[in-house]
file run.cif (mmCIF, C-alpha atoms)
data_my_file
loop_
_atom_site.label_atom_id
_atom_site.label_comp_id
_atom_site.auth_asym_id
_atom_site.auth_seq_id
_atom_site.Cartn_x
_atom_site.Cartn_y
_atom_site.Cartn_z
CA MET A 3 -30.01 64.95 28.08
CA ALA A 4 -27.55 62.25 27.33
CA GLU A 5 -30.01 60.58 24.96
CA GLN A 6 -30.42 63.85 23.02
CA GLN A 7 -26.67 64.07 22.44
CA ASN A 8 -26.62 60.54 21.13
CA THR A 9 -29.15 61.36 18.43
CA SER A 10 -27.25 64.45 17.32
CA MET A 11 -26.04 64.51 13.73
CA TYR A 12 -22.49 64.89 15.06
CA HIS A 13 -22.61 61.70 17.03
CA VAL A 14 -20.40 58.90 15.80
CA PRO A 15 -21.54 55.46 16.86
CA ALA A 16 -18.88 53.52 18.68
CA SER A 17 -18.94 50.74 16.07
CA GLN A 18 -17.84 53.15 13.29
CA GLU A 19 -15.11 55.06 15.13
CA ALA A 20 -12.34 52.80 13.84
CA VAL A 21 -13.30 53.61 10.25
CA VAL A 22 -13.55 57.36 10.67
CA VAL A 23 -10.38 57.87 12.64
CA HIS A 24 -7.39 58.01 10.31
CA SER A 25 -3.92 58.14 11.71
CA PRO A 26 -0.51 57.09 10.38
CA GLU A 27 -0.78 53.98 12.46
CA ALA A 28 -4.05 52.95 10.88
CA PRO A 29 -3.93 49.90 8.59
CA LEU A 30 -3.78 50.63 4.85
CA THR A 31 -7.01 50.47 2.97
CA GLU A 32 -7.28 48.18 0.00
CA VAL A 33 -6.73 51.04 -2.45
CA GLU A 34 -3.72 52.36 -0.58
CA LEU A 35 -2.22 48.90 -0.48
CA ALA A 36 -2.74 48.46 -4.22
CA TYR A 37 -1.15 51.86 -4.86
CA GLN A 38 1.87 50.97 -2.77
CA GLN A 39 2.31 47.64 -4.51
CA ALA A 40 1.99 49.24 -7.93
CA MET A 41 4.57 51.86 -7.03
CA GLU A 42 7.03 49.27 -5.75
CA SER A 43 6.51 47.18 -8.86
CA ALA A 44 7.09 50.19 -11.08
CA LEU A 45 10.25 51.15 -9.25
CA ASP A 46 11.70 47.69 -9.72
CA ALA A 47 10.84 47.75 -13.40
CA HIS A 48 12.66 51.02 -13.95
CA GLU A 49 15.83 50.62 -11.98
CA ALA A 50 17.72 50.85 -15.25
CA ASP A 51 16.41 54.32 -15.85
CA PRO A 52 16.09 56.13 -12.55
CA ALA A 53 15.52 59.39 -14.41
CA ASP A 54 12.17 58.23 -15.75
CA VAL A 55 10.29 59.85 -12.90
CA ASP A 56 7.13 60.62 -14.83
CA ARG A 57 6.77 57.05 -15.96
CA ARG A 58 7.14 55.75 -12.42
CA ARG A 59 4.65 58.25 -11.09
CA ILE A 60 2.05 57.38 -13.71
CA GLU A 61 2.59 53.68 -13.25
CA GLY A 62 2.16 54.16 -9.55
CA LEU A 63 -1.19 55.79 -10.13
CA LEU A 64 -2.57 53.60 -12.88
CA GLY A 65 -0.66 50.37 -12.67
CA GLU A 66 1.90 48.91 -15.02
CA SER A 67 -0.58 46.85 -17.02
CA THR A 68 -2.76 49.88 -17.71
CA ILE A 69 0.20 51.80 -19.09
CA ALA A 70 1.21 48.85 -21.25
CA ALA A 71 -2.31 48.56 -22.63
CA THR A 72 -2.44 52.28 -23.35
CA GLU A 73 0.81 52.14 -25.27
CA ILE A 74 -0.53 49.34 -27.43
CA ILE A 75 -3.63 51.28 -28.46
CA ALA A 76 -1.92 54.69 -28.61
CA PRO A 77 -2.12 56.35 -32.01
CA SER A 78 0.92 56.18 -34.21
CA PRO A 79 2.70 59.46 -34.94
CA GLU A 80 1.39 61.15 -38.03
CA VAL A 81 3.56 63.39 -40.14
CA SER A 82 1.85 66.69 -40.77
CA PHE A 83 4.63 68.43 -42.69
CA ASN A 84 5.08 67.82 -46.39
CA PRO A 85 8.17 65.63 -46.85
CA ARG A 86 8.09 66.35 -50.60
CA ASP A 87 8.48 70.08 -50.10
CA THR A 88 12.01 70.76 -51.32
CA ALA A 89 12.09 74.17 -49.64
CA HIS A 90 11.44 72.45 -46.33
CA LEU A 91 14.21 69.95 -46.98
CA VAL A 92 16.65 72.72 -47.84
CA ALA A 93 15.65 74.56 -44.65
CA CYS A 94 16.48 71.45 -42.63
CA GLY A 95 19.89 71.26 -44.30
CA GLN A 96 20.53 74.94 -43.66
CA ARG A 97 19.81 74.57 -40.00
CA VAL A 98 22.07 71.53 -39.70
CA ILE A 99 24.89 73.43 -41.36
CA ARG A 100 24.27 76.40 -39.13
CA MET A 101 24.43 74.30 -35.97
CA ARG A 102 27.62 72.72 -37.25
CA ASP A 103 29.17 76.10 -37.93
CA ILE A 104 28.25 77.35 -34.49
CA GLU A 105 29.76 74.24 -32.93
CA ARG A 106 32.96 74.86 -34.83
CA GLY A 107 33.00 78.39 -33.48
CA GLU A 108 32.20 80.07 -36.74
CA GLY A 109 29.88 82.71 -35.37
CA THR A 110 26.57 82.68 -33.60
CA PRO A 111 23.27 83.40 -35.31
CA THR A 112 21.58 86.70 -34.84
CA VAL A 113 18.04 86.72 -33.52
CA GLY A 114 16.78 87.53 -37.01
CA GLU A 115 18.65 84.60 -38.53
CA ALA A 116 17.38 82.23 -35.89
CA ILE A 117 13.79 83.33 -36.41
CA ALA A 118 14.07 83.16 -40.19
CA ARG A 119 15.45 79.65 -40.03
CA THR A 120 12.74 78.55 -37.65
CA GLN A 121 9.80 79.91 -39.60
CA ASP A 122 9.89 77.43 -42.46
CA LEU A 123 10.29 74.47 -40.16
CA ASN A 124 7.42 75.47 -37.92
CA LYS A 125 4.93 75.30 -40.75
CA GLY A 126 4.56 71.64 -40.02
CA ASP A 127 5.39 69.44 -37.14
CA VAL A 128 5.29 65.84 -36.10
CA THR A 129 2.08 65.51 -34.15
CA LEU A 130 -0.08 62.73 -32.84
CA ALA A 131 -3.12 61.84 -34.85
CA ALA A 132 -6.43 62.81 -33.30
CA MET B 24 37.29 71.43 -53.13
CA SER B 25 34.92 69.49 -55.37
CA VAL B 26 31.94 67.71 -53.88
CA LEU B 27 33.43 64.33 -54.78
CA LYS B 28 36.76 65.13 -53.12
CA LYS B 29 34.99 66.43 -50.07
CA VAL B 30 32.90 63.28 -49.81
CA VAL B 31 35.93 61.05 -50.18
CA ALA B 32 37.85 63.03 -47.59
CA LEU B 33 34.97 62.87 -45.16
CA LEU B 34 34.36 59.18 -45.69
CA ILE B 35 37.95 58.00 -45.67
CA GLY B 36 39.43 60.68 -43.48
CA ASP B 37 43.00 61.65 -42.85
CA ASP B 38 43.86 59.04 -40.27
CA ASN B 39 43.61 55.30 -39.98
CA SER B 40 41.36 55.12 -36.95
CA SER B 41 38.05 53.61 -37.90
CA SER B 42 36.55 53.56 -34.43
CA VAL B 43 34.58 56.60 -33.40
CA ASN B 44 33.73 55.42 -29.92
CA TRP B 45 36.20 57.85 -28.45
CA LEU B 46 34.45 60.69 -30.21
CA LYS B 47 32.09 62.29 -27.75
CA MET B 48 30.72 65.76 -27.65
CA PRO B 49 32.84 67.54 -25.04
CA LYS B 50 30.98 68.92 -22.07
CA LYS B 51 32.98 72.13 -22.06
CA ARG B 52 32.62 73.00 -25.69
CA ALA B 53 34.27 76.37 -25.42
CA LEU B 54 37.52 74.64 -24.56
CA LYS B 55 37.52 72.15 -27.41
CA LYS B 56 36.07 72.57 -30.85
CA LEU B 57 35.43 69.55 -33.00
CA THR B 58 36.42 69.63 -36.64
CA GLU B 59 33.84 69.47 -39.40
CA ARG B 60 34.76 65.87 -40.06
CA GLU B 61 34.35 64.91 -36.41
CA LEU B 62 30.97 66.60 -36.28
CA LEU B 63 29.92 64.87 -39.47
CA THR B 64 30.95 61.54 -37.99
CA LEU B 65 28.75 62.19 -34.98
CA GLU B 66 25.88 63.29 -37.18
CA SER B 67 26.31 60.27 -39.39
CA GLU B 68 26.02 57.94 -36.43
CA VAL B 69 22.54 59.37 -35.92
CA GLY B 70 21.75 59.42 -39.64
CA ALA B 71 22.75 55.80 -40.17
CA LYS B 72 20.11 54.63 -37.71
CA LEU B 73 17.23 56.46 -39.38
CA PHE B 74 16.62 53.75 -41.92
CA GLY B 75 16.24 50.85 -39.55
CA PRO B 76 18.74 48.29 -38.33
CA ILE B 77 22.01 48.05 -40.20
CA PRO B 78 22.63 44.54 -41.56
CA LYS B 79 25.37 42.63 -39.82
CA GLY B 80 28.72 43.28 -41.42
CA HIS B 81 27.57 46.49 -43.06
CA ARG B 82 28.75 49.99 -42.33
CA ARG B 83 26.42 52.81 -43.18
CA GLU B 84 26.81 56.57 -43.32
CA PHE B 85 24.09 59.12 -43.92
CA PHE B 86 24.80 62.78 -43.45
CA CYS B 87 24.19 66.28 -44.68
CA LEU B 88 27.13 67.44 -46.79
CA ASP B 89 25.78 70.90 -47.40
CA GLU B 90 22.34 72.47 -47.31
CA ARG B 91 21.31 70.90 -50.61
CA THR B 92 23.39 67.71 -50.65
CA TRP B 93 22.93 64.54 -48.66
CA ILE B 94 25.17 61.47 -48.77
CA TRP B 95 24.28 57.83 -48.30
CA HIS B 96 27.23 55.46 -48.12
CA GLU B 97 27.17 51.79 -47.32
CA GLU B 98 29.91 49.18 -47.45
CA TRP B 99 30.01 45.50 -46.75
CA LEU B 100 31.93 42.33 -47.55
CA ASP B 101 30.37 40.17 -50.24
CA GLU B 102 30.40 36.35 -50.39
CA LYS B 103 34.00 36.41 -51.60
CA ARG B 104 35.03 38.66 -48.74
CA LYS B 105 35.49 41.50 -51.15
CA LEU B 106 34.68 44.98 -49.92
CA THR B 107 31.70 46.36 -51.76
CA THR B 108 30.61 49.96 -51.47
CA SER B 109 27.66 51.99 -52.60
CA THR B 110 27.53 55.76 -52.44
CA VAL B 111 24.48 57.79 -53.34
CA ARG B 112 24.35 61.55 -53.48
CA TYR B 113 21.00 63.31 -53.17
CA GLU B 114 20.89 66.84 -54.52
CA ILE B 115 17.90 69.03 -53.71
CA ASN B 116 17.07 71.60 -56.36
CA GLU B 117 14.00 73.50 -57.53
CA HIS B 118 12.84 70.54 -59.61
CA GLY B 119 12.98 67.96 -56.85
CA VAL B 120 15.56 65.59 -55.39
CA LEU B 121 18.13 64.30 -57.84
CA LYS B 122 19.64 60.93 -56.98
CA VAL B 123 23.17 60.50 -58.27
CA GLN B 124 24.76 57.06 -58.23
CA GLU B 125 27.96 55.52 -59.52
CA GLY B 126 28.14 55.02 -63.22
CA ALA B 127 26.70 58.42 -64.03
CA ARG B 128 23.19 57.34 -63.14
CA TYR B 129 20.91 60.27 -62.45
CA ALA B 130 17.24 60.23 -61.60
CA TYR B 131 14.76 62.37 -59.73
CA ILE B 132 13.26 60.33 -56.95
CA ASP B 133 9.51 60.20 -56.47
CA GLY B 134 6.78 58.23 -54.78
CA GLU B 135 7.63 56.36 -51.63
CA GLU B 136 11.35 56.96 -52.00
CA LEU B 137 10.83 60.73 -52.01
CA GLN B 138 8.47 60.47 -49.07
CA ASN B 139 10.96 58.42 -47.07
CA PHE B 140 13.81 60.71 -47.98
CA GLY B 141 11.87 63.78 -46.82
CA ILE B 142 10.93 62.19 -43.52
CA ALA B 143 14.51 61.04 -43.00
CA ILE B 144 15.80 64.57 -43.53
CA ARG B 145 13.40 65.97 -40.98
CA MET B 146 14.22 63.23 -38.48
CA TYR B 147 17.92 63.74 -39.08
CA TYR B 148 17.58 67.42 -38.31
CA GLU B 149 15.54 66.89 -35.16
CA GLN B 150 17.68 64.08 -33.77
CA VAL B 151 21.01 65.69 -34.64
CA ALA B 152 19.85 68.95 -33.07
CA ARG B 153 19.07 67.20 -29.82
CA GLU B 154 21.67 64.45 -29.64
CA VAL B 155 24.71 66.05 -31.23
CA TYR B 156 24.27 69.78 -30.72
CA SER B 157 21.98 69.76 -27.67
CA ARG B 158 19.64 72.27 -29.23
CA ASP B 159 15.88 72.50 -29.34
CA PRO B 160 15.00 71.74 -32.98
CA ALA B 161 11.96 74.01 -32.85
CA THR B 162 13.69 77.11 -31.57
CA GLY B 163 17.39 76.44 -32.08
CA GLU B 164 17.97 77.35 -28.46
CA SER B 165 20.67 75.51 -26.55
CA LEU B 166 19.40 72.82 -24.21
CA VAL B 167 22.55 73.04 -22.12
CA GLN B 168 22.43 75.62 -19.35
#

call {"tool": "encode", "arguments": {"input": "run.cif", "output": "structure tokens"}}
result
Amino acid sequence: MAEQQNTSMYHVPASQEAVVVHSPEAPLTEVELAYQQAMESALDAHEADPADVDRRRIEGLLGESTIAATEIIAPSPEVSFNPRDTAHLVACGQRVIRMRDIERGEGTPTVGEAIARTQDLNKGDVTLAA
Amino acid sequence: MSVLKKVVALLIGDDNSSSVNWLKMPKKRALKKLTERELLTLESEVGAKLFGPIPKGHRREFFCLDERTWIWHEEWLDEKRKLTTSTVRYEINEHGVLKVQEGARYAYIDGEELQNFGIAIRMYYEQVAREVYSRDPATGESLVQ
């Protein structure tokens, strides 16, 4: 009877028990150790900007060198709006003036004004190249 | 007020203080409104950086005077320690962008200069919206809760 239990698919050989059992006291695996080291390294590198949480998280996952390499090969921003379009340039100026007026307390824009001023600018945007 | 007088007043100002470090956007804006000149000074700090690093000893201004007029002003000391200034006014009209310089020099800009000017305007708007007015440039909504 005892021999039948030992051949059961649920039986864990004594030699493998240490691997299967996972408790907080268990030693860190190689991957976990690397993750921890990467995270600590990233934290040190970003003490000057503690608000950069996303950067730290990503560095913790991928490693600082991976992020650095990605930034080097990342595509440069490509301008998709037409900088020669004078109507677009005037729209930019209008919105600057409007923000300035609001800041000086000279009225707030109506919803219609805000939408009208946004429409021209949203024709193009600064996007990343494919 | 003529455009020229307005430019001079904005560039020179009414007081003798040349430092603008004290000029910060107040947190509680409802309690303190900045004047147009103070806002332009803040905007110009952003605008001056759009064209790359400013040479040592130079002072640069770039700002939107009104919806169709943009001002570039730069001043520096020459080899003889004499103050030299250069002011350029860009006027946007239906024909293009007219560049007006001292000495009654007028010319419509084109090519790379027009391209750079257009990009600078867009960048000015986006950066000023965020950094000076704390507004989302896409929607105009306030970023301050």

call {"tool": "residues_near_point", "arguments": {"input": "run.cif", "point": "(26.3, 71.2, -40.5)", "cutoff": "8 Å", "atoms": "all atoms listed in the file", "output": "PyMOL selection string"}}
result
(chain A and resi 95-103) or (chain B and resi 59+62-63+87-90)

call {"tool": "residues_around", "arguments": {"input": "run.cif", "residues": "Asp159 of chain B", "least_positions_apart": "6", "cutoff": "12 Å", "atoms": "all atoms listed in the file", "output": "VMD selection string"}}
result
(chain A and resid 97 101 116 120) or (chain B and resid 148 to 153 165 to 167)

call {"tool": "resolve_selection", "arguments": {"input": "run.cif", "expression": "the PyMOL selection byres ((chain B) within 10 of (chain A))", "output": "JSON, numbers by chain"}}
result
{"B": [52, 53, 55, 56, 57, 58, 59, 62, 63, 66, 86, 87, 88, 89, 90, 91, 92, 93, 114, 115, 116, 117, 118, 119, 120, 133, 134, 137, 138, 139, 140, 141, 142, 143, 144, 145, 146, 147, 148, 149, 151, 152, 155, 156, 157, 158, 160, 161, 162, 163, 164]}

call {"tool": "atom_distance", "arguments": {"input": "run.cif", "atom1": "atom CA of Gly80 of chain B", "atom2": "atom CA of Ser67 of chain B"}}
result
17.3 Å

call {"tool": "resolve_selection", "arguments": {"input": "run.cif", "expression": "the PyMOL selection byres ((chain B and resi 85) around 6)", "output": "PyMOL selection string"}}
result
chain B and resi 67+70-71+84+86+94-95

call {"tool": "atom_distance", "arguments": {"input": "run.cif", "atom1": "atom CA of His81 of chain B", "atom2": "atom CA of Glu97 of chain B"}}
result
6.8 Å
